[in-house]
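Undergrad: Got a structure for you, questions after.
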Amino acid sequence: MDVAKEVDARGLNCPLPILKAKKGLAELQSGQLLRVLCTDAGSVRDFQAFARQTGNDLVDQQAVGDEFIHVLRRR
């Protein structure tokens, strides 16, 4: 997976990971991938809703230990 940008939102709670992702996506061109690293378990639902509401594609979500990794493709 060719990720264009990575955002570290570890240690932040809702809505900060979403806000950081939104800012990161704004810096990308259409089709590019953004990886967001989180520690907030609620981010799984938050990123699913964010993708539906914004039209960005949620390409992947993983739980690795106590971290959650979200990959979004900019619309």
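Residues in the structure tokens are named by chain (A, B, ... in the order shown) and by number from 1 within that chain; ligands are numbered from 1 in the order shown.
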As number ranges by chain, please: the residues near Leu72 in chain A (cut-off 8 Å, only C-alpha atoms, same-chain neighbours under 2 positions excluded).
TA: A: 33-35, 51, 56-60, 70, 74
Undergrad: Do a neighbour search on Glu6 in chain A at 12 Å with only C-alpha atoms, toss out local chain neighbours closer than 6 positions, and write the hits as a list in words.
TA: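 Contacts, in chain order: Pro17, Lys20, Ala21, Lys23, Gly24, Leu25, Glu27, Leu28, Gln32, Leu33, Leu34, Arg35, Val36, Leu37, Cys38, Ile69, His70, Val71 and Leu72 of chain A.
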Undergrad: Which of range 20-74 of chain A end up as strand (DSSP E or B) when DSSP is run on this backbone - answer as JSON, numbers by chain?
TA: {"A": [33, 34, 35, 36, 37, 38, 57, 58, 59, 60, 61, 62, 63, 64, 67, 68, 69, 70, 71, 72, 73]}
Undergrad: A:Thr39, A:Arg45, A:Arg73, A:Gln53: which is nearest Asp8 in chain A, counting only C-alpha atoms?
TA: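 Closest to Asp8 in chain A, using only C-alpha atoms: A:Thr39.
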Undergrad: Select, from A:Ser30, A:Phe68, A:Arg75, A:Ile18, the residue with the minimum atom-to-atom distance to Phe50 in chain A, counting only C-alpha atoms.
TA: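 Counting only C-alpha atoms, the residue closest to Phe50 in chain A is A:Ile18.
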Undergrad: Using only C-alpha atoms, which of the listed residues (A:Ala49, A:Val3, A:Ala9, A:Ser43) sits closest to Gln62 in chain A?
TA: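 The closest residue to Gln62 in chain A is A:Ser43.
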Undergrad: I need the residues in chain A that are helix (DSSP H, G or I) according to DSSP; give them as a PyMOL selection string.
TA: chain A and resi 16-26+43-54
Undergrad: Rounded to one decimal place, report the CA of Asn13 in chain A-CA of Ala41 in chain A distance in Å.
TA: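 Going from CA of Asn13 in chain A over to CA of Ala41 in chain A, I get 9.0 Å.
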Undergrad: Pick out the closest residue to Gly11 in chain A from this set: A:Asp46, A:Ala26, A:Gln61, A:Glu67. Count only C-alpha atoms.
TA: A:Glu67
Undergrad: Which residue is closest to Pro15 in chain A? Choose from A:Gln48, A:Asp40, A:Val64, A:Gly55 and count only C-alpha atoms.
TA: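 The closest residue to Pro15 in chain A is A:Asp40.
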Undergrad: Provide the CA of Val7 in chain A to CA of Phe47 in chain A distance in Å, to one decimal place.
TA: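 Between CA of Val7 in chain A and CA of Phe47 in chain A the gap works out to 13.5 Å.
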